[in-house]
Every structure is written in C-alpha cells, then in structure tokens.
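Contents: one structure, followed by commentary.
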Amino acid sequence: MRCPYCKKETDEVIDSRSCDNGFTIRRRRECPSCSRRYTTYEQRKEVSLKVRKKDGSRQPFNSRKILDGLVRACVKRNISMEKLNEVLSRMEKIIYDKFDREVPSREIGEIVLKELKTLDQVAYVRFASVYREFKDVNHFMRELKNVHKKV
C-alpha cells in the first residue's frame, strides 16, 4: 500500500477490524517514513450473482433494488435509513451465504418479507401486497389476519 502523504510503498497495519457484517475489513495503517496514519478498507470481490426472474430471464443481482423496495414499503414509517441499511446488509449476507451463482427472485422476496415482518408490520403488508400480487381486499384481510395471529 502506498502512503497517501509521502508516497512511500512501505506501511504497517496497526489495527484491523471487520465491519459491514463481515463484508469489509477496516485497516489503520501507519507509514514508517513520515509517521502519519491513514485508514484503508478492503472489500471482497463479489461473485457475479444472477437473479432468476419469474419469467425465466436472468439479470445481475443489485442490492440497490432491494433497498428501493424497502424504502417504498417503509414510506411514512418511523424507520431510519441506517436501520434499512442494516436490514439490507443482513439480507445480502443471507443471499450470498445461501446462493453461489443464481438466486430465484422469489427467494429474495421471501427474505425481504421475513425481515420486514420483524421490522414493521405495516411495511410488511405493503411489501406483501405488491410481492404477492394481491388482487382484492380479501387478500389483504387474509394477510392481516396472519400477521395479527402471530403478534
């Protein structure tokens, strides 16, 4: 690693910590030449995971789409962006641990539903209504009864 201050190529790692649910390693470094400290972050290079859609098509996994869905489900709910990012990190870990090359979109939807059910029941029902394609109010009522029973 090259020192960002004096540009020498020798440095010493003085501290390493895992962050972002193990997806990133934070390292504090010190340059022996100029004695200045700096931080670097290392991330593993993700395998190109594909999502298999309902129609059979495949597209690259994009966690941003999951976050967008979470944000839409949580509109006007008292849930911080920080909390949503924590939930997203947990879901990414589950997905990358469980699937190597391809993940069915329905699996992603079920993981999202499971996380939302514990996070916020209103957000859960909102997401479920789109994900499960509720056709009428009876679908809503059945889902609400299921959520209400488990409380």
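A note on labels: chains of the structure tokens are A, B, ... as shown, every chain counts residues from 1, and ligands are counted from 1 in their shown order.
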
List every residue of stretch 3-49 of chain A that DSSP, applied to the backbone of this structure, assigns to strand (DSSP E), and report them as a ChimeraX atom specification. /A:12-19,24-30,37-43

Compile the contact shell of stretch 24-29 of chain A as a short mmCIF file (atom, residue, chain, number, x, y, z; two decimals) with N, CA and C atoms, in the first residue's frame: residues with an atom at most 7 Å away, counting only C-alpha atoms, same-chain residues fewer than 6 positions apart removed.
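Written output follows (selection.cif):
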```
data_model
loop_
_atom_site.label_atom_id
_atom_site.label_comp_id
_atom_site.auth_asym_id
_atom_site.auth_seq_id
_atom_site.Cartn_x
_atom_site.Cartn_y
_atom_site.Cartn_z
N ASP A 11 4.34 0.39 4.59
CA ASP A 11 3.48 0.83 5.68
C ASP A 11 3.30 -0.33 6.65
N GLU A 12 2.72 -0.05 7.79
CA GLU A 12 2.46 -1.07 8.79
C GLU A 12 0.99 -1.01 9.18
N VAL A 13 0.38 -2.18 9.25
CA VAL A 13 -1.00 -2.26 9.71
C VAL A 13 -0.97 -2.27 11.24
N ILE A 14 -1.66 -1.30 11.84
CA ILE A 14 -1.65 -1.22 13.30
C ILE A 14 -2.96 -1.69 13.92
N ASP A 15 -4.01 -1.81 13.11
CA ASP A 15 -5.29 -2.30 13.60
C ASP A 15 -6.13 -2.77 12.43
N SER A 16 -6.81 -3.91 12.60
CA SER A 16 -7.74 -4.43 11.59
C SER A 16 -9.05 -4.78 12.27
N ARG A 17 -10.14 -4.40 11.64
CA ARG A 17 -11.47 -4.70 12.17
C ARG A 17 -12.41 -5.06 11.04
N SER A 18 -13.29 -5.98 11.35
CA SER A 18 -14.34 -6.34 10.41
C SER A 18 -15.49 -5.36 10.58
N ARG A 37 -0.75 8.44 9.87
CA ARG A 37 -1.68 7.31 9.87
C ARG A 37 -2.81 7.56 8.88
N TYR A 38 -3.33 6.47 8.35
CA TYR A 38 -4.47 6.56 7.45
C TYR A 38 -5.26 5.25 7.52
N THR A 39 -6.46 5.28 7.00
CA THR A 39 -7.36 4.13 7.04
C THR A 39 -7.62 3.63 5.63
N THR A 40 -7.62 2.32 5.49
CA THR A 40 -8.00 1.71 4.22
C THR A 40 -9.13 0.72 4.49
N TYR A 41 -9.90 0.45 3.45
CA TYR A 41 -11.00 -0.52 3.53
C TYR A 41 -10.81 -1.55 2.44
N GLU A 42 -10.97 -2.80 2.81
CA GLU A 42 -10.87 -3.89 1.84
C GLU A 42 -12.23 -4.56 1.75
N GLN A 43 -12.68 -4.79 0.53
CA GLN A 43 -13.93 -5.50 0.31
C GLN A 43 -13.66 -6.68 -0.59
#
```

Could you find all residues in stretch 16-149 of chain A that DSSP calls alpha helix (DSSP H) from the backbone, and write them as a PyMOL selection string? chain A and resi 63-73+81-98+105-119+121-131+137-149

Could you write out that same residue set with C-alpha atoms as a tab-separated table (two decimals), in the first residue's frame?
```
chain	number	residue	atom	x	y	z
A	63	SER	CA	-28.89	-4.83	-3.79
A	64	ARG	CA	-29.97	-1.28	-4.63
A	65	LYS	CA	-33.26	-2.69	-5.95
A	66	ILE	CA	-33.87	-4.38	-2.60
A	67	LEU	CA	-33.14	-1.14	-0.77
A	68	ASP	CA	-35.54	0.74	-3.06
A	69	GLY	CA	-38.26	-1.79	-2.25
A	70	LEU	CA	-37.59	-1.44	1.47
A	71	VAL	CA	-37.76	2.34	1.25
A	72	ARG	CA	-41.07	2.21	-0.65
A	73	ALA	CA	-42.54	-0.22	1.89
A	81	MET	CA	-32.19	4.86	6.60
A	82	GLU	CA	-29.47	3.49	8.89
A	83	LYS	CA	-31.84	0.75	10.06
A	84	LEU	CA	-32.81	-0.08	6.48
A	85	ASN	CA	-29.13	-0.37	5.55
A	86	GLU	CA	-28.61	-2.77	8.49
A	87	VAL	CA	-31.52	-4.88	7.26
A	88	LEU	CA	-30.10	-4.80	3.73
A	89	SER	CA	-26.68	-5.96	4.99
A	90	ARG	CA	-28.29	-8.89	6.80
A	91	MET	CA	-30.22	-9.84	3.68
A	92	GLU	CA	-27.14	-9.62	1.46
A	93	LYS	CA	-25.26	-11.89	3.85
A	94	ILE	CA	-28.09	-14.44	3.78
A	95	ILE	CA	-28.27	-14.34	-0.01
A	96	TYR	CA	-24.50	-14.66	-0.58
A	97	ASP	CA	-24.22	-17.40	2.04
A	98	LYS	CA	-27.10	-19.41	0.60
A	105	SER	CA	-36.34	-13.67	-7.27
A	106	ARG	CA	-38.98	-15.38	-5.13
A	107	GLU	CA	-36.26	-16.30	-2.59
A	108	ILE	CA	-35.22	-12.66	-2.38
A	109	GLY	CA	-38.85	-11.66	-1.88
A	110	GLU	CA	-39.29	-14.18	0.94
A	111	ILE	CA	-36.13	-12.95	2.67
A	112	VAL	CA	-37.40	-9.36	2.40
A	113	LEU	CA	-40.79	-10.38	3.83
A	114	LYS	CA	-39.17	-12.19	6.75
A	115	GLU	CA	-37.05	-9.14	7.62
A	116	LEU	CA	-39.95	-6.70	7.24
A	117	LYS	CA	-42.22	-8.84	9.41
A	118	THR	CA	-39.89	-8.32	12.36
A	119	LEU	CA	-39.10	-4.69	11.48
A	121	GLN	CA	-45.90	-4.89	10.27
A	122	VAL	CA	-47.32	-2.10	8.10
A	123	ALA	CA	-44.25	-2.15	5.86
A	124	TYR	CA	-44.56	-5.95	5.73
A	125	VAL	CA	-48.17	-5.80	4.49
A	126	ARG	CA	-47.31	-3.09	1.97
A	127	PHE	CA	-44.47	-5.13	0.53
A	128	ALA	CA	-46.52	-8.36	0.61
A	129	SER	CA	-49.35	-6.71	-1.32
A	130	VAL	CA	-47.02	-5.96	-4.23
A	131	TYR	CA	-44.82	-9.05	-3.97
A	137	VAL	CA	-59.19	-6.64	-0.35
A	138	ASN	CA	-59.70	-10.29	0.67
A	139	HIS	CA	-56.01	-10.94	0.08
A	140	PHE	CA	-55.20	-8.00	2.37
A	141	MET	CA	-57.56	-9.30	5.04
A	142	ARG	CA	-56.04	-12.80	4.99
A	143	GLU	CA	-52.54	-11.38	5.32
A	144	LEU	CA	-53.60	-9.02	8.11
A	145	LYS	CA	-55.16	-11.93	9.99
A	146	ASN	CA	-51.94	-13.93	9.64
A	147	VAL	CA	-49.87	-11.03	10.95
A	148	HIS	CA	-52.35	-10.35	13.76
A	149	LYS	CA	-52.36	-14.05	14.86
```

What is the atom CA of A:Ser57-atom CA of A:Phe134 distance in Å, reported with one decimal?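 Atom CA of A:Phe134 lies 23.1 Å from atom CA of A:Ser57.
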
Applying 7 Å and only C-alpha atoms, which residues near A:Arg52 remain after dropping the ones on its own chain fewer than 3 positions away? List them as a PyMOL selection string. chain A and resi 56-59+102-105

Write the selection just made, keeping C-alpha atoms, as a PDB file, in the first residue's frame?
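File result20.pdb, as written:
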```pdb
ATOM      1  CA  GLY A  56     -37.114 -17.137 -16.540  1.00  0.00           C
ATOM      2  CA  SER A  57     -34.913 -14.211 -17.533  1.00  0.00           C
ATOM      3  CA  ARG A  58     -31.721 -13.524 -15.604  1.00  0.00           C
ATOM      4  CA  GLN A  59     -30.158 -10.262 -14.530  1.00  0.00           C
ATOM      5  CA  GLU A 102     -28.027 -17.728  -9.116  1.00  0.00           C
ATOM      6  CA  VAL A 103     -30.860 -16.781  -6.782  1.00  0.00           C
ATOM      7  CA  PRO A 104     -34.566 -17.018  -7.657  1.00  0.00           C
ATOM      8  CA  SER A 105     -36.337 -13.671  -7.273  1.00  0.00           C
TER       9      SER A 105
END
```
